[in-house]
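*Asks:* Got query30.cif for you, mmCIF, C-alpha atoms and all ligand atoms:
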data_work
#
loop_
_atom_site.label_atom_id
_atom_site.label_comp_id
_atom_site.auth_asym_id
_atom_site.auth_seq_id
_atom_site.Cartn_x
_atom_site.Cartn_y
_atom_site.Cartn_z
CA TYR Z 1 -15.17 -11.17 -27.24
CA HIS Z 2 -13.42 -8.33 -25.42
CA LEU Z 3 -13.61 -4.75 -26.65
CA LEU Z 4 -11.31 -2.09 -25.23
CA ALA Z 5 -12.76 1.41 -25.59
CA ILE Z 6 -11.15 4.82 -25.16
CA GLU Z 7 -12.89 8.18 -24.62
CA THR Z 8 -11.00 11.52 -24.60
CA SER Z 9 -13.35 13.93 -26.41
CA CYS Z 10 -13.43 16.57 -23.70
CA ASP Z 11 -12.16 16.57 -20.13
CA GLU Z 12 -12.58 12.95 -19.05
CA THR Z 13 -9.91 10.34 -19.81
CA SER Z 14 -11.69 7.01 -19.79
CA VAL Z 15 -10.90 3.40 -20.74
CA ALA Z 16 -13.35 0.51 -20.49
CA ILE Z 17 -13.23 -3.21 -21.17
CA VAL Z 18 -16.59 -4.60 -22.26
CA ARG Z 19 -17.38 -8.25 -22.97
CA ASP Z 20 -19.77 -9.15 -25.79
CA GLY Z 21 -20.92 -5.57 -26.30
CA THR Z 22 -22.82 -5.00 -23.07
CA GLU Z 23 -21.09 -6.63 -20.11
CA VAL Z 24 -18.95 -3.90 -18.50
CA LEU Z 25 -15.86 -5.50 -16.93
CA SER Z 26 -14.25 -2.14 -16.13
CA ASN Z 27 -14.98 1.51 -16.84
CA VAL Z 28 -12.26 3.75 -15.41
CA VAL Z 29 -12.89 7.51 -15.64
CA SER Z 30 -10.37 10.16 -14.71
CA SER Z 31 -11.99 13.58 -14.61
CA GLN Z 32 -10.02 16.79 -15.07
CA ILE Z 33 -12.74 18.91 -13.46
CA GLU Z 34 -10.48 20.03 -10.60
CA THR Z 35 -7.85 21.20 -13.07
CA HIS Z 36 -10.27 23.27 -15.16
CA ARG Z 37 -12.38 24.62 -12.28
CA ARG Z 38 -10.28 27.70 -11.61
CA PHE Z 39 -10.69 28.72 -15.26
CA GLY Z 40 -14.48 28.31 -15.09
CA GLY Z 41 -14.50 25.94 -18.06
CA VAL Z 42 -12.46 23.45 -20.06
CA VAL Z 43 -9.16 24.83 -21.42
CA PRO Z 44 -8.47 22.76 -24.58
CA GLU Z 45 -4.64 22.88 -24.42
CA ILE Z 46 -4.61 21.75 -20.80
CA ALA Z 47 -7.17 19.03 -21.54
CA SER Z 48 -4.94 17.52 -24.25
CA ARG Z 49 -1.88 17.55 -22.03
CA LYS Z 50 -3.78 15.92 -19.16
CA HIS Z 51 -5.05 13.16 -21.46
CA VAL Z 52 -1.46 12.40 -22.46
CA GLU Z 53 -0.41 12.25 -18.81
CA SER Z 54 -3.30 9.99 -17.77
CA MET Z 55 -3.69 7.66 -20.74
CA THR Z 56 -1.17 4.94 -19.87
CA VAL Z 57 -2.16 4.82 -16.21
CA ILE Z 58 -5.91 4.66 -16.95
CA LEU Z 59 -5.34 2.02 -19.61
CA GLU Z 60 -3.40 -0.20 -17.22
CA GLU Z 61 -5.97 0.35 -14.50
CA ALA Z 62 -8.86 -0.62 -16.79
CA VAL Z 63 -7.14 -3.79 -17.97
CA ALA Z 64 -6.24 -4.81 -14.40
CA ALA Z 65 -9.71 -4.00 -13.02
CA ALA Z 66 -11.32 -6.13 -15.75
CA GLY Z 67 -9.15 -9.11 -14.77
CA VAL Z 68 -7.88 -9.56 -18.33
CA THR Z 69 -4.58 -9.03 -20.12
CA LEU Z 70 -3.99 -7.08 -23.34
CA SER Z 71 -3.72 -10.36 -25.25
CA ASP Z 72 -7.43 -10.98 -24.47
CA ILE Z 73 -8.47 -7.83 -26.38
CA ASP Z 74 -10.23 -8.54 -29.70
CA ALA Z 75 -10.87 -4.98 -30.90
CA VAL Z 76 -10.15 -1.37 -29.93
CA ALA Z 77 -12.82 1.34 -30.10
CA VAL Z 78 -12.24 5.05 -29.70
CA THR Z 79 -14.22 8.29 -29.83
CA GLN Z 80 -13.41 9.71 -33.26
CA GLY Z 81 -15.57 12.82 -32.73
CA PRO Z 82 -17.16 15.22 -32.11
CA GLY Z 83 -15.11 16.98 -29.47
CA LEU Z 84 -11.97 19.04 -28.93
CA VAL Z 85 -9.52 18.17 -31.68
CA GLY Z 86 -6.42 18.00 -29.46
CA ALA Z 87 -8.24 15.90 -26.87
CA LEU Z 88 -9.65 13.50 -29.48
CA LEU Z 89 -6.19 13.09 -31.05
CA VAL Z 90 -4.72 11.68 -27.85
CA GLY Z 91 -7.36 8.93 -27.72
CA VAL Z 92 -7.16 8.20 -31.44
CA VAL Z 93 -3.37 7.87 -31.38
CA ALA Z 94 -3.52 5.60 -28.33
CA ALA Z 95 -6.21 3.43 -29.97
CA LYS Z 96 -4.32 3.11 -33.25
CA SER Z 97 -1.10 2.17 -31.45
CA LEU Z 98 -2.92 -0.53 -29.49
CA ALA Z 99 -4.76 -1.86 -32.52
CA LEU Z 100 -1.47 -2.05 -34.44
CA ALA Z 101 0.48 -3.64 -31.59
CA LEU Z 102 -2.23 -6.20 -30.79
CA ASP Z 103 -3.12 -6.72 -34.47
CA VAL Z 104 -6.85 -6.28 -33.86
CA PRO Z 105 -9.53 -4.14 -35.61
CA LEU Z 106 -10.00 -0.43 -34.88
CA ILE Z 107 -13.51 1.03 -34.54
CA GLY Z 108 -13.95 4.83 -34.69
CA THR Z 109 -17.02 5.77 -32.71
CA HIS Z 110 -19.35 8.78 -32.49
CA HIS Z 111 -19.47 10.36 -29.03
CA ILE Z 112 -23.23 11.04 -29.10
CA ALA Z 113 -23.95 7.54 -30.43
CA GLY Z 114 -22.09 6.50 -27.28
CA HIS Z 115 -24.29 8.64 -25.02
CA ILE Z 116 -27.40 7.16 -26.69
CA TYR Z 117 -26.19 3.54 -26.61
CA ALA Z 118 -25.19 3.83 -22.93
CA ASN Z 119 -28.81 2.72 -22.57
CA ARG Z 120 -27.91 -0.66 -24.12
CA LEU Z 121 -25.82 -1.33 -21.03
CA ILE Z 122 -28.90 -1.30 -18.81
CA GLY Z 123 -31.65 -2.75 -20.97
CA ARG Z 124 -32.82 -3.90 -24.36
CA ILE Z 125 -33.61 -1.13 -26.86
CA GLU Z 126 -36.85 -1.54 -28.80
CA TYR Z 127 -37.16 0.20 -32.18
CA PRO Z 128 -38.31 2.66 -33.29
CA ALA Z 129 -36.92 4.54 -30.31
CA LEU Z 130 -36.53 8.23 -29.56
CA ALA Z 131 -33.44 9.57 -27.78
CA LEU Z 132 -33.47 12.84 -25.87
CA VAL Z 133 -29.81 13.87 -25.86
CA VAL Z 134 -29.01 16.53 -23.26
CA SER Z 135 -25.32 17.15 -22.69
CA GLY Z 136 -22.70 19.87 -22.36
CA GLY Z 137 -22.44 20.42 -26.11
CA HIS Z 138 -25.64 18.88 -27.55
CA THR Z 139 -29.40 19.09 -27.16
CA GLU Z 140 -31.10 16.88 -29.71
CA LEU Z 141 -34.08 14.67 -30.35
CA VAL Z 142 -32.86 11.66 -32.32
CA LEU Z 143 -35.17 9.15 -33.96
CA LEU Z 144 -33.73 5.64 -34.19
CA GLU Z 145 -35.81 3.72 -36.72
CA SER Z 146 -33.59 0.69 -36.35
CA GLU Z 147 -30.39 -0.24 -34.59
CA GLY Z 148 -27.57 2.16 -35.45
CA SER Z 149 -29.62 4.50 -37.65
CA PHE Z 150 -29.88 8.10 -36.47
CA ASN Z 151 -32.27 10.80 -37.67
CA ILE Z 152 -31.95 14.13 -35.87
CA ILE Z 153 -35.47 15.60 -35.82
CA GLY Z 154 -34.68 18.57 -33.55
CA ARG Z 155 -31.63 20.33 -32.18
CA THR Z 156 -30.70 23.47 -30.28
CA ARG Z 157 -30.34 26.63 -32.33
CA ASP Z 158 -28.00 28.24 -29.81
CA ASP Z 159 -26.81 26.96 -26.40
CA ALA Z 160 -26.89 23.31 -25.37
CA VAL Z 161 -28.81 22.59 -22.15
CA GLY Z 162 -25.66 21.74 -20.19
CA GLU Z 163 -23.98 24.88 -21.47
CA ALA Z 164 -26.98 26.97 -20.32
CA TYR Z 165 -26.82 25.29 -16.90
CA ASP Z 166 -23.12 26.06 -16.62
CA LYS Z 167 -23.59 29.72 -17.67
CA VAL Z 168 -26.47 30.25 -15.23
CA ALA Z 169 -24.42 28.65 -12.47
CA ARG Z 170 -21.54 30.96 -13.24
CA ALA Z 171 -23.83 34.00 -13.03
CA LEU Z 172 -24.97 32.74 -9.61
CA SER Z 173 -21.30 32.33 -8.56
CA LEU Z 174 -21.63 28.55 -8.26
CA PRO Z 175 -18.60 26.33 -8.98
CA TYR Z 176 -17.90 24.74 -12.37
CA PRO Z 177 -19.48 22.56 -13.70
CA GLY Z 178 -22.67 24.20 -12.51
CA GLY Z 179 -25.36 21.74 -13.59
CA PRO Z 180 -25.41 19.66 -10.38
CA HIS Z 181 -25.38 22.84 -8.21
CA VAL Z 182 -28.30 24.44 -10.05
CA ASP Z 183 -30.13 21.09 -9.79
CA ARG Z 184 -29.59 20.95 -6.02
CA LEU Z 185 -30.64 24.60 -5.51
CA ALA Z 186 -33.76 24.05 -7.60
CA GLN Z 187 -34.75 21.05 -5.43
CA GLU Z 188 -34.31 23.13 -2.27
CA ALA Z 189 -36.23 26.20 -3.48
CA ALA Z 190 -39.46 27.16 -1.75
CA GLU Z 191 -40.72 28.98 -4.84
CA ALA Z 192 -39.82 29.63 -8.46
CA ILE Z 193 -39.20 32.89 -10.31
CA GLU Z 194 -41.28 32.61 -13.49
CA LEU Z 195 -39.06 32.69 -16.60
CA PRO Z 196 -39.91 32.45 -20.32
CA ARG Z 197 -40.19 29.21 -22.30
CA ALA Z 198 -38.87 29.08 -25.87
CA TRP Z 199 -41.36 26.90 -27.75
CA LEU Z 200 -40.33 28.21 -31.23
CA GLU Z 201 -42.67 27.37 -34.15
CA PRO Z 202 -45.61 25.18 -33.11
CA ASP Z 203 -44.43 22.14 -35.10
CA SER Z 204 -40.71 22.56 -34.38
CA TYR Z 205 -38.67 20.06 -32.41
CA ASP Z 206 -35.77 22.52 -32.17
CA PHE Z 207 -34.67 24.14 -28.93
CA SER Z 208 -33.33 27.52 -27.85
CA PHE Z 209 -31.90 28.36 -24.44
CA SER Z 210 -30.04 31.62 -24.93
CA GLY Z 211 -33.18 33.72 -24.28
CA LEU Z 212 -33.78 31.89 -21.03
CA LYS Z 213 -30.17 32.41 -20.01
CA SER Z 214 -30.50 36.15 -20.77
CA ALA Z 215 -33.69 36.28 -18.67
CA VAL Z 216 -31.76 34.83 -15.72
CA LEU Z 217 -28.99 37.41 -16.18
CA ALA Z 218 -31.61 40.20 -16.38
CA GLU Z 219 -33.17 39.04 -13.09
CA ILE Z 220 -29.76 39.11 -11.43
CA ASN Z 221 -29.07 42.62 -12.77
CA ARG Z 222 -32.48 43.84 -11.58
CA SER Z 223 -31.79 42.60 -8.05
CA ASN Z 224 -28.32 44.16 -8.07
CA MET Z 225 -29.66 47.53 -9.20
CA LYS Z 226 -32.27 47.57 -6.48
CA GLY Z 227 -29.59 46.52 -3.99
CA LYS Z 228 -31.69 43.44 -3.17
CA PRO Z 229 -30.12 40.02 -2.48
CA ILE Z 230 -30.52 37.50 -5.30
CA ASP Z 231 -32.83 34.59 -4.51
CA ALA Z 232 -30.55 32.06 -6.20
CA ALA Z 233 -32.72 29.06 -5.31
CA ALA Z 234 -35.91 30.57 -6.75
CA LEU Z 235 -34.01 31.59 -9.86
CA ALA Z 236 -32.46 28.12 -10.24
CA ARG Z 237 -35.89 26.55 -9.87
CA GLY Z 238 -37.45 28.93 -12.40
CA PHE Z 239 -34.66 28.15 -14.86
CA GLN Z 240 -34.86 24.41 -14.32
CA GLU Z 241 -38.67 24.38 -14.67
CA SER Z 242 -38.48 26.25 -17.97
CA VAL Z 243 -35.86 23.81 -19.31
CA ILE Z 244 -37.74 20.73 -18.13
CA ASP Z 245 -41.13 21.93 -19.42
CA VAL Z 246 -39.78 22.49 -22.91
CA VAL Z 247 -37.53 19.46 -23.37
CA THR Z 248 -40.01 16.97 -21.92
CA ALA Z 249 -43.00 18.42 -23.83
CA LYS Z 250 -41.13 18.24 -27.15
CA ALA Z 251 -39.85 14.74 -26.43
CA MET Z 252 -43.33 13.47 -25.56
CA ARG Z 253 -44.89 15.09 -28.64
CA ALA Z 254 -42.22 13.54 -30.90
CA ALA Z 255 -42.62 10.15 -29.22
CA SER Z 256 -46.31 10.23 -29.98
CA GLU Z 257 -45.97 11.59 -33.53
CA PHE Z 258 -43.40 8.96 -34.52
CA GLY Z 259 -45.08 6.15 -32.58
CA VAL Z 260 -41.88 5.08 -30.84
CA ARG Z 261 -41.75 2.07 -28.54
CA GLN Z 262 -39.21 3.54 -26.15
CA LEU Z 263 -37.75 6.82 -24.94
CA LEU Z 264 -34.02 6.96 -24.16
CA LEU Z 265 -32.67 9.76 -21.99
CA CYS Z 266 -28.93 10.40 -22.26
CA GLY Z 267 -26.03 12.84 -21.92
CA GLY Z 268 -24.59 14.55 -18.85
CA VAL Z 269 -27.76 16.53 -18.08
CA ALA Z 270 -29.65 13.21 -17.83
CA ALA Z 271 -28.11 13.18 -14.34
CA ASN Z 272 -30.54 16.01 -13.47
CA ARG Z 273 -32.97 14.83 -10.79
CA GLY Z 274 -35.79 17.14 -11.79
CA LEU Z 275 -35.59 16.04 -15.42
CA ARG Z 276 -35.46 12.33 -14.58
CA GLU Z 277 -38.48 12.60 -12.28
CA ARG Z 278 -40.62 14.61 -14.70
CA LEU Z 279 -39.83 12.37 -17.66
CA ALA Z 280 -40.51 9.26 -15.61
CA SER Z 281 -43.96 10.47 -14.61
CA LEU Z 282 -44.87 11.66 -18.13
CA CYS Z 283 -43.77 8.33 -19.63
CA GLU Z 284 -45.71 6.40 -17.04
CA ALA Z 285 -48.85 8.40 -17.82
CA ALA Z 286 -48.31 7.81 -21.56
CA ASN Z 287 -47.48 4.13 -21.02
CA LEU Z 288 -44.15 4.64 -22.79
CA PRO Z 289 -41.14 2.65 -21.56
CA LEU Z 290 -38.26 4.93 -20.52
CA LEU Z 291 -34.59 3.99 -20.25
CA VAL Z 292 -32.26 6.23 -18.22
CA PRO Z 293 -28.66 5.19 -17.54
CA PRO Z 294 -27.30 5.43 -13.99
CA MET Z 295 -25.41 8.68 -13.29
CA SER Z 296 -21.98 7.11 -13.95
CA LEU Z 297 -23.04 6.17 -17.50
CA CYS Z 298 -24.69 9.58 -18.20
CA THR Z 299 -21.51 11.66 -18.06
CA ASP Z 300 -18.56 10.91 -20.34
CA ASN Z 301 -17.19 7.37 -20.02
CA ALA Z 302 -15.67 4.74 -22.30
CA ALA Z 303 -18.19 1.94 -21.61
CA MET Z 304 -20.80 3.87 -23.61
CA ILE Z 305 -18.30 4.10 -26.49
CA ALA Z 306 -17.91 0.32 -26.40
CA ALA Z 307 -21.71 -0.11 -26.43
CA ALA Z 308 -21.96 1.93 -29.65
CA ALA Z 309 -18.84 0.40 -31.24
CA ASP Z 310 -20.30 -3.08 -30.73
CA LEU Z 311 -22.92 -2.26 -33.40
CA LYS Z 312 -20.07 -1.93 -35.92
CA TRP Z 313 -18.17 -4.96 -34.57
CA ARG Z 314 -21.18 -7.17 -35.20
CA ARG Z 315 -21.38 -5.96 -38.82
CA GLY Z 316 -17.62 -6.18 -39.35
CA GLU Z 317 -17.35 -2.44 -40.03
CA PHE Z 318 -13.83 -1.46 -39.08
CA ASP Z 319 -11.62 1.57 -39.65
CA SER Z 320 -8.17 1.67 -41.15
CA LEU Z 321 -5.14 2.86 -39.23
CA ASP Z 322 -5.17 6.16 -41.11
CA MET Z 323 -8.49 7.12 -39.47
CA LYS Z 324 -8.52 10.77 -38.39
CA ALA Z 325 -9.99 12.50 -35.34
CA GLU Z 326 -13.06 14.43 -36.57
CA PRO Z 327 -13.99 17.34 -34.27
CA GLN Z 328 -17.22 17.89 -36.27
CA LEU Z 329 -18.16 14.26 -36.97
CA SER Z 330 -21.86 14.00 -37.87
CA LEU Z 331 -24.08 11.52 -36.06
CA GLU Z 332 -26.22 10.76 -39.11
CA ASP Z 333 -23.09 9.97 -41.18
CA TRP Z 334 -21.87 7.55 -38.54
CA SER Z 335 -24.94 5.29 -38.97
CA VAL Z 336 -24.10 1.58 -39.27
CA ARG Z 337 -24.82 -0.25 -42.53
CA SER Z 338 -28.33 -1.65 -42.56
CA THR Z 339 -28.39 -5.39 -42.93
P1 LIG Z 401 -21.03 16.52 -25.36
O1 LIG Z 401 -21.40 15.16 -24.87
O2 LIG Z 401 -22.16 17.26 -25.95
O3 LIG Z 401 -19.81 16.52 -26.19
P2 LIG Z 401 -19.89 16.93 -22.75
O4 LIG Z 401 -19.35 15.56 -22.99
O5 LIG Z 401 -19.02 18.00 -22.26
O6 LIG Z 401 -20.65 17.41 -24.06
P3 LIG Z 401 -21.40 15.63 -20.77
O7 LIG Z 401 -20.20 15.15 -20.08
O8 LIG Z 401 -22.26 14.67 -21.46
O9 LIG Z 401 -21.08 16.82 -21.77
O10 LIG Z 401 -22.27 16.47 -19.73
C1 LIG Z 401 -21.70 17.51 -18.97
C2 LIG Z 401 -22.79 18.53 -18.73
O11 LIG Z 401 -23.80 17.97 -17.88
C3 LIG Z 401 -22.28 19.79 -18.02
O12 LIG Z 401 -22.77 20.91 -18.71
C4 LIG Z 401 -22.89 19.67 -16.61
O13 LIG Z 401 -23.17 20.91 -16.00
C5 LIG Z 401 -24.18 18.92 -16.92
N1 LIG Z 401 -24.74 18.25 -15.73
C6 LIG Z 401 -24.19 17.28 -14.99
N2 LIG Z 401 -25.00 16.94 -13.95
C7 LIG Z 401 -26.10 17.73 -14.06
C8 LIG Z 401 -27.31 17.89 -13.31
N3 LIG Z 401 -27.55 17.17 -12.22
N4 LIG Z 401 -28.21 18.82 -13.72
C9 LIG Z 401 -27.98 19.55 -14.83
N5 LIG Z 401 -26.87 19.46 -15.58
C10 LIG Z 401 -25.94 18.57 -15.20
MG MG Z 402 -17.05 16.37 -19.29
FE FE Z 403 -20.42 13.86 -23.59
#
Please express what this file holds, its structure, as structure tokens.
*Replies:*
Amino acid sequence: YHLLAIETSCDETSVAIVRDGTEVLSNVVSSQIETHRRFGGVVPEIASRKHVESMTVILEEAVAAAGVTLSDIDAVAVTQGPGLVGALLVGVVAAKSLALALDVPLIGTHHIAGHIYANRLIGRIEYPALALVVSGGHTELVLLESEGSFNIIGRTRDDAVGEAYDKVARALSLPYPGGPHVDRLAQEAAEAIELPRAWLEPDSYDFSFSGLKSAVLAEINRSNMKGKPIDAAALARGFQESVIDVVTAKAMRAASEFGVRQLLLCGGVAANRGLRERLASLCEAANLPLLVPPMSLCTDNAAMIAAAADLKWRRGEFDSLDMKAEPQLSLEDWSVRST
């Protein structure tokens, strides 16, 4: 069967056609990064307008690239939330119109379930599994006891990892989005400036990155006051090492405590080279299988939305045409019915 999926939760307009849940026939992504760059971040009003402008073109491109026609589509999936309300609305309206016109089921999908199930596109998921979600808006450890069930065992109490990367990059005058630039600088650095690690309570799986971000800003101020140049590479490496130490240590401890059979890395920050390498070596040492999507499936895309929506398709869980965009949609509430 052919599923057409739409993603517009933030600043990427994406449409994918996926066959039988995991075979990606097309996954077209149009990024608005260039548009938002001069503002140093995503401007919600502009994002919505850009989605409207791009939607029809991207839709036609995805259908053509997949070598199918609209009459081959058996269901339409769309990111229902979380995300920017105006941006989500564009995708939801497009999906409803298509579902109505083609007379096929509509499947509202959770964006983070999409990031997690991007891993289904590259391999088989074994349960119980643990997902380390590191993205622009989320930093979470999610326990998946079975397919489509989500139990958030830890989350950030302040900034998301990607957000911290972007703020640090901005302080170092690097372009938006800063994550890839900080990553590159950190790889090039000869040494690291030692920065704090926020472990929180000994048994906690929660995260905090605002203190680390403040420590970076304090280092920059100290250099400026002394009239010394800022060693951006050493600072980037110190920041990245602190982030990687904490997220990988907590993920490995949770994996062992809950006896999971697999670790899934996902979200935009999963593109980080340092993080991928460290997690790979820790998992190898612990004999724990690790799934990491290729870069193109880590950042926002519609194929991952199809991979998550397929769980609902197989259980016949569809949404009605009065489904609403939900900017605060909860992952745990989105769980599929257990069968
Ligand atoms: P969410 O998924 O939580 O709604 P989002 O969709 O905006 O947020 P993603 O698209 O998943 O976030 O990820 C974007 C984030 O990933 C940005 O903060 C960006 O800086 C970060 N990022 C991308 N590549 C890297 C990298 N190599 N190293 C670190 N961070 C990176
Ligand atoms: Mg984005
Ligand atoms: Fe995302």
*Asks:* Between CA of Val247 in chain Z and CA of His111 in chain Z, what distance in Å does the model show, to one decimal?
*Replies:*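 Answer for the CA of Val247 in chain Z to CA of His111 in chain Z separation: 21.0 Å.
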*Asks:* With distances taken over only C-alpha atoms, which of Z:Val90, Z:Val29, Z:Leu144, Z:Ile107 is nearest to Val76 in chain Z?
*Replies:* Z:Ile107
*Asks:* What residues have any atom no more than 7 Å from ligand LIG 401 (chain Z) when counting all atoms listed in the file, and can you list them as a PyMOL selection string?
*Replies:* chain Z and resi 9-10+82-83+111-112+135-138+162-163+165-166+177-180+182-183+267-273+298-300
*Asks:* Using all atoms listed in the file, which protein or nucleic acid residues come within 7 Å of Ser14 in chain Z? Drop anything in the same chain fewer than 3 positions from it, and give the result as an MDAnalysis selection string.
*Replies:* chainID Z and resid 6:8 28:30 58 301:302
*Asks:* Measuring atom to atom with all atoms listed in the file, identify which of Z:Ser48, Z:Thr109, Z:Ser335, Z:Ser256 is nearest to Ala129 in chain Z.
*Replies:*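 Once distances to Ala129 in chain Z are computed over all atoms listed in the file, the minimum belongs to Z:Ser256.
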*Asks:* Interatomic distance between CA of Leu88 in chain Z and CA of Asn119 in chain Z?
*Replies:*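 According to the coordinates, CA of Leu88 in chain Z and CA of Asn119 in chain Z are separated by 23.0 Å.
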*Asks:* Could you give me, as an MDAnalysis selection string, the residues within 7 Å of Val336 in chain Z, counting all atoms listed in the file and dropping anything in the same chain fewer than 2 positions from it?
*Replies:* chainID Z and resid 148:149 312 334 338
*Asks:* Filtering to C-alpha atoms, could you give me those residues as a PDB file, keeping the file's coordinate frame?
*Replies:*
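Listed below is the output, out_34.pdb:
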ATOM      1  CA  GLY Z 148     -27.570   2.160 -35.450  1.00  0.00           C
ATOM      2  CA  SER Z 149     -29.620   4.500 -37.650  1.00  0.00           C
ATOM      3  CA  LYS Z 312     -20.070  -1.930 -35.920  1.00  0.00           C
ATOM      4  CA  TRP Z 334     -21.870   7.550 -38.540  1.00  0.00           C
ATOM      5  CA  SER Z 338     -28.330  -1.650 -42.560  1.00  0.00           C
TER       6      SER Z 338
END
*Asks:* Might I get the box with edges along x, y and z of the file that holds all atoms of range 80-87 of chain Z listed there, padded by 4 Å on every side, given as centre and edge lengths in Å to one decimal, as AutoDock Vina command-line options?
*Replies:*
--center_x -11.8 --center_y 14.4 --center_z -30.1 --size_x 18.7 --size_y 17.3 --size_z 14.4
*Asks:* Report the distance between CA of Pro202 in chain Z and CA of Ile116 in chain Z in Å, rounded to one decimal place.
*Replies:* 26.4 Å
*Asks:* Smallest atom-to-atom distance to ligand FE 403 (chain Z): which of Z:Val85, Z:Ala286, Z:Met304, Z:Val104, using all atoms listed in the file?
*Replies:* Z:Met304
*Asks:* Give me the residues within 7 Å of Val42 in chain Z as a PyMOL selection string, counting all atoms listed in the file and dropping any in the same chain fewer than 2 places off.
*Replies:* chain Z and resi 11+36+44
*Asks:* With distances taken over all atoms listed in the file, which of Z:Leu98, Z:Ser242, Z:Leu143, Z:Val92 is nearest to Ala164 in chain Z?
*Replies:*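 Checking each of Z:Leu98, Z:Ser242, Z:Leu143, Z:Val92 against Ala164 in chain Z, counting all atoms listed in the file, the winner is Z:Ser242.
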*Asks:* Considering only C-alpha atoms, state which residue in the set Z:Arg155, Z:Arg170, Z:Arg124, Z:Lys250 is at the smallest distance from Ala236 in chain Z.
*Replies:*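 Answer, going by the shortest atom-to-atom distance: Z:Arg170.
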*Asks:* Between Z:Lys324, Z:Val216, Z:Ser330, Z:Gln32, single out the one closest to Tyr176 in chain Z, counting only C-alpha atoms.
*Replies:* Z:Gln32
*Asks:* The residues within 8 Å of (-39.1, 29.5, -23.7), using only C-alpha atoms and the coordinates of the file, should be reported as a PDB file with C-alpha atoms, keeping the file's coordinate frame; which are they?
*Replies:*
ATOM      1  CA  LEU Z 195     -39.060  32.690 -16.600  1.00  0.00           C
ATOM      2  CA  PRO Z 196     -39.910  32.450 -20.320  1.00  0.00           C
ATOM      3  CA  ARG Z 197     -40.190  29.210 -22.300  1.00  0.00           C
ATOM      4  CA  ALA Z 198     -38.870  29.080 -25.870  1.00  0.00           C
ATOM      5  CA  TRP Z 199     -41.360  26.900 -27.750  1.00  0.00           C
ATOM      6  CA  LEU Z 200     -40.330  28.210 -31.230  1.00  0.00           C
ATOM      7  CA  SER Z 208     -33.330  27.520 -27.850  1.00  0.00           C
ATOM      8  CA  PHE Z 209     -31.900  28.360 -24.440  1.00  0.00           C
ATOM      9  CA  GLY Z 211     -33.180  33.720 -24.280  1.00  0.00           C
ATOM     10  CA  LEU Z 212     -33.780  31.890 -21.030  1.00  0.00           C
ATOM     11  CA  SER Z 242     -38.480  26.250 -17.970  1.00  0.00           C
ATOM     12  CA  VAL Z 243     -35.860  23.810 -19.310  1.00  0.00           C
ATOM     13  CA  VAL Z 246     -39.780  22.490 -22.910  1.00  0.00           C
TER      14      VAL Z 246
END
*Asks:* Ala77 in chain Z: which residues within 6 Å, counting only C-alpha atoms, same-chain residues fewer than 4 positions away excluded, as a PyMOL selection string?
*Replies:* chain Z and resi 5+106-108
*Asks:* Skipping near chain neighbours, those fewer than 5 positions away, what residues fall within 8 Å of Leu290 in chain Z using all atoms listed in the file, listed as a list of chain:residue names?
*Replies:* Z:Gln262, Z:Leu263, Z:Leu264, Z:Leu265, Z:Ala280, Z:Cys283
